[in-house]
2 protein chains.
Amino acid sequence: MANGAAAAKTGGSSEAKLPTEFDDAVMWATWLYYADQLTQSEIAKQLNVSRATIVNLLQEAREREIVSIRISPQAFGRTAVARALMDKFGLDGAFVIPSGEEQSLVDRLGDAGARVLAEQIEDGDTVGVAWGRTVLAVANQISLPRPVRNVTVVQVSGSSTGEPEFSAELCTSLLSNRIHARCVNLLAPAVLSTRELKAMLLAEPVLKKQFELIHSTDRILFGVGDIGARSTVRVSGIASKAEIDTYVEQGAVAVIIGRFIDTHGRPIGGDHDDRMVGITLDELKQVKSRICVAGGSTKTAAITATLEAGYATHFVTDMATGEALLSV
Amino acid sequence: MANGAAAAKTGGSSEAKLPTEFDDAVMWATWLYYADQLTQSEIAKQLNVSRATIVNLLQEAREREIVSIRISPQAFGRTAVARALMDKFGLDGAFVIPSGEEQSLVDRLGDAGARVLAEQIEDGDTVGVAWGRTVLAVANQISLPRPVRNVTVVQVSGSSTGEPEFSAELCTSLLSNRIHARCVNLLAPAVLSTRELKAMLLAEPVLKKQFELIHSTDRILFGVGDIGARSTVRVSGIASKAEIDTYVEQGAVAVIIGRFIDTHGRPIGGDHDDRMVGITLDELKQVKSRICVAGGSTKTAAITATLEAGYATHFVTDMATGEALLSV
DNA sequence: CTTGTGTCTTGACATCTGTCATTGCCTGTT
DNA sequence: AACAGGCAATGACAGATGTCAAGACACAAG
């Protein structure tokens, strides 16, 4: 009767000065439900409250992530399509989620990507973050099972004024915030008007330091953009329509972290490319763990180019896209 | 309709040579249920099977630990009783589970201890394991969320022929087996007949090496035994009734890893103690992370002695025991 | 003292989930 | 070809869970 849970409610007036963050009842219910496998009714009887209250307590436990459900990426790597993708593109890992409505795909991939990334992050890591709708979806949904220490999240390409809702700064700071890591935003525009200015800017001590961090990145998270009419690159503002058209003339089929590549994944250089501030594709390949999250029927060619050139070590996609990639 | 799941069932006869470990359906259901939060009926409709089948798939996913539910030890450390215990005994962490029937206590504590230990183990760790009913319960229920590499589990005290169901070897090998770690059993009896023999044995290269491992242990798991009539120490065979009585005369109230301590946690030496093979209490204190799992109304004094002397850094118990410890 | 406002709790209902005996299919055997 | 044995899939039922509107309570303002 007069058990710990009851005591927790009011918590004797003697030393109830602490932030009263002490809802022991939540833990109590959590343990009995998830560890001891009692039913909600049994727990309700024990705590002398209604079952509905237990439902609420358990909901709170899930919201506050006192309990969390982990889905093994290893197991997903043993899926037929995942195996085939790993084979075909020489990946270290692949994670293929069921396909649903194309509309919610970005969010669902974000969830999957978040789980894959969360699983990898360790104490002391430096994590590079690109930008884009998909990357934002990952940032939005990531949460680490256990707290990590001394993790740094670093923005790997400059900031553009044009990107509306999924800017590089937002992706980086949101992700770092959600995992309680240090956040390093790249204090430079994505594209400068002249190479000279870019060179001068990169010579600045602040930026030098930031680029050192970028080059020492342990893991990097990025998406893949296509070149279609409604593609991210066309609304992001990192390149004008004319500039994009020039790239396309030179065979561009995809954009990774702001850089354009052709069918074989070869970087397409040029003046505009030289004026961009951010990690280069050669530098990208130096990163140990490169997590690419991408999907959607319009992106097949773009993703194929990305994966064939070995830009990713880990790839997250949905079934439909995965099968499309395999049938090429 | 003709989606991936359907294809997985028979898997085109062309390349179905692999071990057919490919139950994609399990992953498919797992993801839709746990990540996308669809109901079982919705998933059943998608896969064109009955809902009962989905239930089975999900059950398999849980059994094969494709999904696992994690309960945050941090959150449990914020419980009122846990905080008080940490305060009173200067612990780094405390985990207090709800009290249930005294009969199932050992198993429930084992579950809790397993979660606490599992949370701590990292790549490259050496984990010391004592023995006892409670330690066995931990070993029996532990499972790591993600695979770890290069972990060694080492038995920290000699083997006794008398221990029936919870021998040191069993505890060690079971635990190491469950987490897929290297297992090092201590190849020596728990007690030798003379100090000389013990000295000679310890001079053996094999044992020297094993003791080096014991001294480099990162974490150690142990229980607390009391001295009562039906206590573990009296059935374990590590000491005769007369020897135990001698210890008791000298003020023994508890046994940790085979060593006897008094009310203040001071080791009680003597001839028998000198003849024992295993980690000493001084050496125990050198270990960074020392996880003690213990509970039960008969053990209050024993646990108090253990904790007050600082033998543990992390303590796992149940509510009733926790409150008893605080009221002393 | 009354009223208002927000939070927490509850009971009843609709839905979702687990169980289990039964069915149907495949495989290997006679 | 017929048959038995093993195994996964199924439908129907009992029980567990989530939802929601209504109620209880505490506290602040009038």
# chains A, B, ... in the order shown; residues from 1 in each chain; ligands from 1

$ residues_around --residues "region 188-204 of chain B" --least-positions-apart "2" --cutoff "6 Å" --atoms "only C-alpha atoms (C1' of nucleotides)" --output "ChimeraX atom specification"
/B:158-160,186,206-207,275-277

$ select_by_dssp --residues "region 32-174 of chain B" --states "helix (DSSP H, G or I)" --output "PyMOL selection string"
chain B and resi 32-35+40-47+51-63+73-77+80-89+102-120+133-141+168-174

$ closest_atom_pairs --of "chain A" --to "chain D" --cutoff "9 Å" --atoms "only C-alpha atoms (C1' of nucleotides)" --output "JSON lines"
{"residue": "A:Thr39", "atom": "CA", "partner": "D:DA16", "partner_atom": "C1'", "distance": 7.3}
{"residue": "A:Gln40", "atom": "CA", "partner": "D:DA16", "partner_atom": "C1'", "distance": 7.9}
{"residue": "A:Ser41", "atom": "CA", "partner": "D:DA16", "partner_atom": "C1'", "distance": 8.5}
{"residue": "A:Ala52", "atom": "CA", "partner": "D:DG18", "partner_atom": "C1'", "distance": 8.7}
{"residue": "A:Val55", "atom": "CA", "partner": "D:DG18", "partner_atom": "C1'", "distance": 7.7}

$ write_last_selection --atoms "N, CA and C atoms" --output "short mmCIF file (atom, residue, chain, number, x, y, z; two decimals), in the first residue's frame"
data_model
loop_
_atom_site.label_atom_id
_atom_site.label_comp_id
_atom_site.auth_asym_id
_atom_site.auth_seq_id
_atom_site.Cartn_x
_atom_site.Cartn_y
_atom_site.Cartn_z
N THR A 39 0.81 -7.37 -16.98
CA THR A 39 -0.14 -6.62 -17.79
C THR A 39 -0.42 -5.30 -17.10
N GLN A 40 -0.97 -4.38 -17.85
CA GLN A 40 -1.26 -3.06 -17.30
C GLN A 40 -2.22 -3.17 -16.11
N SER A 41 -3.17 -4.08 -16.22
CA SER A 41 -4.13 -4.23 -15.12
C SER A 41 -3.43 -4.67 -13.84
N ALA A 52 -5.91 3.12 -16.86
CA ALA A 52 -5.67 4.23 -17.78
C ALA A 52 -4.44 5.03 -17.35
N VAL A 55 -1.42 3.37 -18.56
CA VAL A 55 -1.21 3.68 -19.98
C VAL A 55 -0.47 5.00 -20.11
#

$ closest_atom_pairs --of "chain C" --to "chain B" --cutoff "12 Å" --atoms "only C-alpha atoms (C1' of nucleotides)" --output "tab-separated table"
residue	atom	partner	partner_atom	distance
C:DT15	C1'	B:Thr39	CA	10.2
C:DC16	C1'	B:Thr39	CA	7.4
C:DT17	C1'	B:Val55	CA	8.1
C:DG18	C1'	B:Val55	CA	7.7
C:DT19	C1'	B:Ala52	CA	9.7
C:DC20	C1'	B:Ala52	CA	11.0

$ interface_residues --of "chain B" --to "chain A" --cutoff "6 Å" --atoms "only C-alpha atoms" --output "ChimeraX atom specification"
/B:22,24,28,66-72,79,98

$ select_by_dssp --residues "region 89-167 of chain B" --states "strand (DSSP E or B)" --output "JSON, numbers by chain"
{"B": [93, 94, 95, 96, 97, 126, 127, 128, 129, 152, 153, 154, 155, 157, 159]}

$ closest_residue --among "B:Val151, B:Val106, B:Leu187, B:Ile268" --to "Ala254 (chain B)" --atoms "only C-alpha atoms"
B:Ile268

$ residues_around --residues "Gly258 (chain A)" --least-positions-apart "4" --cutoff "9 Å" --atoms "only C-alpha atoms (C1' of nucleotides)" --output "JSON, numbers by chain"
{"A": [130, 131, 157, 190, 225, 233, 238, 273, 276, 278]}

$ residues_around --residues "Ser297 (chain A)" --least-positions-apart "6" --cutoff "10 Å" --atoms "only C-alpha atoms (C1' of nucleotides)" --output "JSON, numbers by chain"
{"A": [102, 320, 321, 322, 324, 325]}

$ write_last_selection --atoms "C-alpha atoms" --output "tab-separated table (two decimals), in the first residue's frame"
chain	number	residue	atom	x	y	z
A	102	GLU	CA	6.09	7.80	-51.80
A	320	ALA	CA	11.26	-0.16	-54.30
A	321	THR	CA	14.35	1.92	-54.82
A	322	GLY	CA	16.57	-0.99	-53.87
A	324	ALA	CA	15.16	-0.53	-59.07
A	325	LEU	CA	18.88	-0.14	-58.39

$ atom_distance --atom1 "CA of Ser231 (chain B)" --atom2 "CA of Val127 (chain B)"
25.8 Å

$ atom_distance --atom1 "CA of Ile54 (chain B)" --atom2 "C1' of DC26 (chain C)"
21.3 Å
